[in-house]
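Student: Sharing work.pdb (PDB, C-alpha atoms, pLDDT in the B column) below.
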```pdb
ATOM      1  CA  MET A 293      13.693  11.054  38.729  1.00 74.00           C
ATOM      2  CA  ASN A 294      10.467  12.024  40.392  1.00 90.00           C
ATOM      3  CA  ALA A 295       7.114  10.289  40.067  1.00 92.00           C
ATOM      4  CA  ASN A 296       5.640  13.049  37.921  1.00 92.00           C
ATOM      5  CA  ARG A 297       8.247  12.538  35.165  1.00 93.00           C
ATOM      6  CA  ILE A 298       7.785   8.750  35.241  1.00 93.00           C
ATOM      7  CA  ILE A 299       4.014   9.101  34.894  1.00 94.00           C
ATOM      8  CA  ASP A 300       4.454  11.607  32.049  1.00 94.00           C
ATOM      9  CA  MET A 301       6.785   9.196  30.196  1.00 94.00           C
ATOM     10  CA  ILE A 302       4.313   6.327  30.535  1.00 95.00           C
ATOM     11  CA  VAL A 303       1.403   8.494  29.402  1.00 96.00           C
ATOM     12  CA  ARG A 304       3.411   9.702  26.369  1.00 94.00           C
ATOM     13  CA  GLN A 305       4.298   6.147  25.350  1.00 95.00           C
ATOM     14  CA  VAL A 306       0.718   4.929  25.661  1.00 95.00           C
ATOM     15  CA  THR A 307      -0.592   7.958  23.768  1.00 95.00           C
ATOM     16  CA  ARG A 308       1.987   7.502  21.006  1.00 94.00           C
ATOM     17  CA  ARG A 309       1.042   3.839  20.565  1.00 94.00           C
ATOM     18  CA  LEU A 310      -2.691   4.588  20.520  1.00 94.00           C
ATOM     19  CA  VAL A 311      -2.295   7.396  17.998  1.00 94.00           C
ATOM     20  CA  SER A 312      -0.115   5.279  15.693  1.00 93.00           C
ATOM     21  CA  ARG A 313      -2.624   2.405  15.836  1.00 93.00           C
ATOM     22  CA  GLY A 314      -5.443   4.828  15.059  1.00 92.00           C
ATOM     23  CA  VAL A 315      -3.564   6.273  12.101  1.00 92.00           C
ATOM     24  CA  ASP A 316      -2.808   2.783  10.786  1.00 91.00           C
ATOM     25  CA  LYS A 317      -6.465   1.768  11.095  1.00 91.00           C
ATOM     26  CA  GLY A 318      -7.516   4.966   9.343  1.00 89.00           C
ATOM     27  CA  PHE A 319      -5.206   4.291   6.415  1.00 87.00           C
ATOM     28  CA  ASP A 320      -6.456   0.707   6.191  1.00 87.00           C
ATOM     29  CA  MET A 321     -10.069   1.869   6.132  1.00 86.00           C
ATOM     30  CA  ALA A 322      -9.300   4.546   3.554  1.00 85.00           C
ATOM     31  CA  SER A 323      -7.550   2.042   1.303  1.00 82.00           C
ATOM     32  CA  ARG A 324     -10.548  -0.290   1.498  1.00 81.00           C
ATOM     33  CA  ALA A 325     -13.018   2.532   0.781  1.00 77.00           C
ATOM     34  CA  GLY A 326     -12.455   2.452  -2.992  1.00 70.00           C
ATOM     35  CA  ARG A 327     -13.160  -1.264  -3.336  1.00 70.00           C
ATOM     36  CA  LYS A 328     -16.506  -2.685  -4.252  1.00 66.00           C
ATOM     37  CA  PRO A 329     -18.271  -4.417  -1.367  1.00 63.00           C
ATOM     38  CA  GLY A 330     -18.168  -8.194  -1.383  1.00 62.00           C
ATOM     39  CA  ARG A 331     -15.187  -8.282  -3.666  1.00 60.00           C
ATOM     40  CA  GLU A 332     -12.118  -9.817  -2.115  1.00 61.00           C
ATOM     41  CA  GLU A 333      -8.542  -9.345  -3.186  1.00 60.00           C
ATOM     42  CA  THR A 334      -7.373 -11.805  -5.800  1.00 65.00           C
ATOM     43  CA  GLN A 335      -4.672 -14.247  -4.904  1.00 72.00           C
ATOM     44  CA  ILE A 336      -1.914 -14.911  -7.424  1.00 72.00           C
ATOM     45  CA  SER A 337      -1.248 -18.546  -8.126  1.00 80.00           C
ATOM     46  CA  PRO A 338       2.332 -19.813  -7.870  1.00 78.00           C
ATOM     47  CA  GLU A 339       2.355 -20.226 -11.654  1.00 80.00           C
ATOM     48  CA  GLY A 340       1.270 -16.620 -12.165  1.00 79.00           C
ATOM     49  CA  ASP A 341       3.836 -15.441  -9.656  1.00 82.00           C
ATOM     50  CA  ARG A 342       6.585 -17.308 -11.498  1.00 85.00           C
ATOM     51  CA  GLN A 343       5.456 -15.812 -14.813  1.00 88.00           C
ATOM     52  CA  MET A 344       5.516 -12.297 -13.356  1.00 87.00           C
ATOM     53  CA  ARG A 345       9.046 -12.835 -12.019  1.00 88.00           C
ATOM     54  CA  ASP A 346      10.166 -14.218 -15.395  1.00 89.00           C
ATOM     55  CA  THR A 347       8.688 -11.230 -17.207  1.00 90.00           C
ATOM     56  CA  ALA A 348      10.364  -8.801 -14.813  1.00 91.00           C
ATOM     57  CA  ALA A 349      13.692 -10.584 -15.273  1.00 91.00           C
ATOM     58  CA  ARG A 350      13.371 -10.403 -19.064  1.00 91.00           C
ATOM     59  CA  GLN A 351      12.532  -6.698 -18.933  1.00 91.00           C
ATOM     60  CA  LYS A 352      15.507  -6.049 -16.682  1.00 91.00           C
ATOM     61  CA  GLN A 353      17.785  -7.967 -19.054  1.00 91.00           C
ATOM     62  CA  SER A 354      16.500  -6.099 -22.106  1.00 92.00           C
ATOM     63  CA  ALA A 355      16.974  -2.759 -20.323  1.00 91.00           C
ATOM     64  CA  LYS A 356      20.554  -3.750 -19.528  1.00 91.00           C
ATOM     65  CA  GLN A 357      21.154  -4.655 -23.170  1.00 91.00           C
ATOM     66  CA  MET A 358      19.696  -1.349 -24.337  1.00 91.00           C
ATOM     67  CA  LYS A 359      22.041   0.548 -22.018  1.00 90.00           C
ATOM     68  CA  GLN A 360      25.000  -1.337 -23.465  1.00 90.00           C
ATOM     69  CA  VAL A 361      23.887  -0.614 -27.025  1.00 89.00           C
ATOM     70  CA  THR A 362      23.453   3.094 -26.314  1.00 87.00           C
ATOM     71  CA  ARG A 363      26.904   3.239 -24.732  1.00 86.00           C
ATOM     72  CA  GLN A 364      28.413   1.620 -27.808  1.00 85.00           C
ATOM     73  CA  LEU A 365      26.499   3.899 -30.155  1.00 83.00           C
ATOM     74  CA  ARG A 366      27.677   6.971 -28.287  1.00 82.00           C
ATOM     75  CA  ARG A 367      31.245   5.792 -28.616  1.00 80.00           C
ATOM     76  CA  PHE A 368      31.005   5.339 -32.400  1.00 78.00           C
ATOM     77  CA  MET A 369      28.696   8.234 -33.255  1.00 75.00           C
ATOM     78  CA  LYS A 370      30.662  11.213 -32.015  1.00 67.00           C
ATOM     79  CA  PHE A 371      30.024  14.372 -33.955  1.00 53.00           C
TER      80      PHE A 371
END
```
How does the structure come out when it is put into structure tokens?

Tutor:
Amino acid sequence: MNANRIIDMIVRQVTRRLVSRGVDKGFDMASRAGRKPGREETQISPEGDRQMRDTAARQKQSAKQMKQVTRQLRRFMKF
């Protein structure tokens, strides 16, 4: 491998890393653009987090039950 190829590889790697960092920063800035200034993100308390997980678990369980009911209804309501 000659020196020119080694230098090209290093330059490509550095350029790739710089471009990806720039794109990431741009997306971060764009996502913050819609927020009101001085307003920070709200933190969820552990209690609120637990309640959200409980609600999601209940919804998942009810969806599972509805699927079972529809399967049973299809079996008995053939036309």

Student: In Å, how far is it from atom CA of Asp346 of chain A to atom CA of Gln360 of chain A?

Tutor: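 Rounded to one decimal, the two atoms are 21.2 Å apart.
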
Student: Take every atom of segment 303-317 of chain A listed in the file, fit an axis-aligned box around them, add 5 Å per side, and give the centre and edge lengths in Å to one decimal as AutoDock Vina command-line options.

Tutor:
```
--center_x -1.1 --center_y 5.7 --center_z 20.1 --size_x 20.8 --size_y 17.9 --size_z 28.6
```

Student: Would you compute the distance between atom CA of Arg342 of chain A and atom CA of Ala355 of chain A? Give it in Å to one decimal.

Tutor: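 Distance between the two atoms: 19.9 Å.
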
Student: Go ahead and compute the interatomic distance for atom CA of Arg297 of chain A and atom CA of Leu310 of chain A, in Å to one decimal.

Tutor: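 Result for atom CA of Arg297 of chain A versus atom CA of Leu310 of chain A: 19.9 Å, one decimal.
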
Student: Return segment 336-358 of chain A, completed with N, CA and C atoms, as a PDB file, in the coordinates of the input.

Tutor:
```
ATOM      1  N   ILE A 336      -2.684 -14.511  -6.255  1.00 72.00           N
ATOM      2  CA  ILE A 336      -1.914 -14.911  -7.424  1.00 72.00           C
ATOM      3  C   ILE A 336      -1.451 -16.348  -7.215  1.00 72.00           C
ATOM      4  N   SER A 337      -1.673 -17.153  -8.224  1.00 80.00           N
ATOM      5  CA  SER A 337      -1.248 -18.546  -8.126  1.00 80.00           C
ATOM      6  C   SER A 337       0.278 -18.611  -8.224  1.00 80.00           C
ATOM      7  N   PRO A 338       0.874 -19.687  -7.756  1.00 78.00           N
ATOM      8  CA  PRO A 338       2.332 -19.813  -7.870  1.00 78.00           C
ATOM      9  C   PRO A 338       2.813 -19.744  -9.318  1.00 78.00           C
ATOM     10  N   GLU A 339       1.998 -20.279 -10.227  1.00 80.00           N
ATOM     11  CA  GLU A 339       2.355 -20.226 -11.654  1.00 80.00           C
ATOM     12  C   GLU A 339       2.359 -18.774 -12.144  1.00 80.00           C
ATOM     13  N   GLY A 340       1.341 -18.025 -11.775  1.00 79.00           N
ATOM     14  CA  GLY A 340       1.270 -16.620 -12.165  1.00 79.00           C
ATOM     15  C   GLY A 340       2.395 -15.808 -11.553  1.00 79.00           C
ATOM     16  N   ASP A 341       2.735 -16.126 -10.325  1.00 82.00           N
ATOM     17  CA  ASP A 341       3.836 -15.441  -9.656  1.00 82.00           C
ATOM     18  C   ASP A 341       5.152 -15.699 -10.382  1.00 82.00           C
ATOM     19  N   ARG A 342       5.363 -16.954 -10.775  1.00 85.00           N
ATOM     20  CA  ARG A 342       6.585 -17.308 -11.498  1.00 85.00           C
ATOM     21  C   ARG A 342       6.641 -16.586 -12.839  1.00 85.00           C
ATOM     22  N   GLN A 343       5.498 -16.501 -13.529  1.00 88.00           N
ATOM     23  CA  GLN A 343       5.456 -15.812 -14.813  1.00 88.00           C
ATOM     24  C   GLN A 343       5.767 -14.327 -14.648  1.00 88.00           C
ATOM     25  N   MET A 344       5.243 -13.720 -13.584  1.00 87.00           N
ATOM     26  CA  MET A 344       5.516 -12.297 -13.356  1.00 87.00           C
ATOM     27  C   MET A 344       7.000 -12.071 -13.089  1.00 87.00           C
ATOM     28  N   ARG A 345       7.610 -12.969 -12.292  1.00 88.00           N
ATOM     29  CA  ARG A 345       9.046 -12.835 -12.019  1.00 88.00           C
ATOM     30  C   ARG A 345       9.862 -13.031 -13.291  1.00 88.00           C
ATOM     31  N   ASP A 346       9.452 -13.994 -14.141  1.00 89.00           N
ATOM     32  CA  ASP A 346      10.166 -14.218 -15.395  1.00 89.00           C
ATOM     33  C   ASP A 346      10.071 -13.000 -16.301  1.00 89.00           C
ATOM     34  N   THR A 347       8.883 -12.417 -16.377  1.00 90.00           N
ATOM     35  CA  THR A 347       8.688 -11.230 -17.207  1.00 90.00           C
ATOM     36  C   THR A 347       9.539 -10.069 -16.701  1.00 90.00           C
ATOM     37  N   ALA A 348       9.559  -9.881 -15.384  1.00 91.00           N
ATOM     38  CA  ALA A 348      10.364  -8.801 -14.813  1.00 91.00           C
ATOM     39  C   ALA A 348      11.842  -9.025 -15.085  1.00 91.00           C
ATOM     40  N   ALA A 349      12.282 -10.283 -15.012  1.00 91.00           N
ATOM     41  CA  ALA A 349      13.692 -10.584 -15.273  1.00 91.00           C
ATOM     42  C   ALA A 349      14.033 -10.308 -16.734  1.00 91.00           C
ATOM     43  N   ARG A 350      13.128 -10.672 -17.640  1.00 91.00           N
ATOM     44  CA  ARG A 350      13.371 -10.403 -19.064  1.00 91.00           C
ATOM     45  C   ARG A 350      13.425  -8.904 -19.340  1.00 91.00           C
ATOM     46  N   GLN A 351      12.531  -8.148 -18.738  1.00 91.00           N
ATOM     47  CA  GLN A 351      12.532  -6.698 -18.933  1.00 91.00           C
ATOM     48  C   GLN A 351      13.811  -6.081 -18.397  1.00 91.00           C
ATOM     49  N   LYS A 352      14.266  -6.558 -17.270  1.00 91.00           N
ATOM     50  CA  LYS A 352      15.507  -6.049 -16.682  1.00 91.00           C
ATOM     51  C   LYS A 352      16.689  -6.354 -17.593  1.00 91.00           C
ATOM     52  N   GLN A 353      16.709  -7.579 -18.152  1.00 91.00           N
ATOM     53  CA  GLN A 353      17.785  -7.967 -19.054  1.00 91.00           C
ATOM     54  C   GLN A 353      17.764  -7.127 -20.327  1.00 91.00           C
ATOM     55  N   SER A 354      16.575  -6.892 -20.884  1.00 92.00           N
ATOM     56  CA  SER A 354      16.500  -6.099 -22.106  1.00 92.00           C
ATOM     57  C   SER A 354      16.897  -4.646 -21.837  1.00 92.00           C
ATOM     58  N   ALA A 355      16.566  -4.122 -20.670  1.00 91.00           N
ATOM     59  CA  ALA A 355      16.974  -2.759 -20.323  1.00 91.00           C
ATOM     60  C   ALA A 355      18.493  -2.681 -20.217  1.00 91.00           C
ATOM     61  N   LYS A 356      19.092  -3.714 -19.643  1.00 91.00           N
ATOM     62  CA  LYS A 356      20.554  -3.750 -19.528  1.00 91.00           C
ATOM     63  C   LYS A 356      21.198  -3.786 -20.912  1.00 91.00           C
ATOM     64  N   GLN A 357      20.618  -4.585 -21.813  1.00 91.00           N
ATOM     65  CA  GLN A 357      21.154  -4.655 -23.170  1.00 91.00           C
ATOM     66  C   GLN A 357      21.005  -3.324 -23.892  1.00 91.00           C
ATOM     67  N   MET A 358      19.895  -2.649 -23.691  1.00 91.00           N
ATOM     68  CA  MET A 358      19.696  -1.349 -24.337  1.00 91.00           C
ATOM     69  C   MET A 358      20.708  -0.321 -23.827  1.00 91.00           C
TER      70      MET A 358
END
```
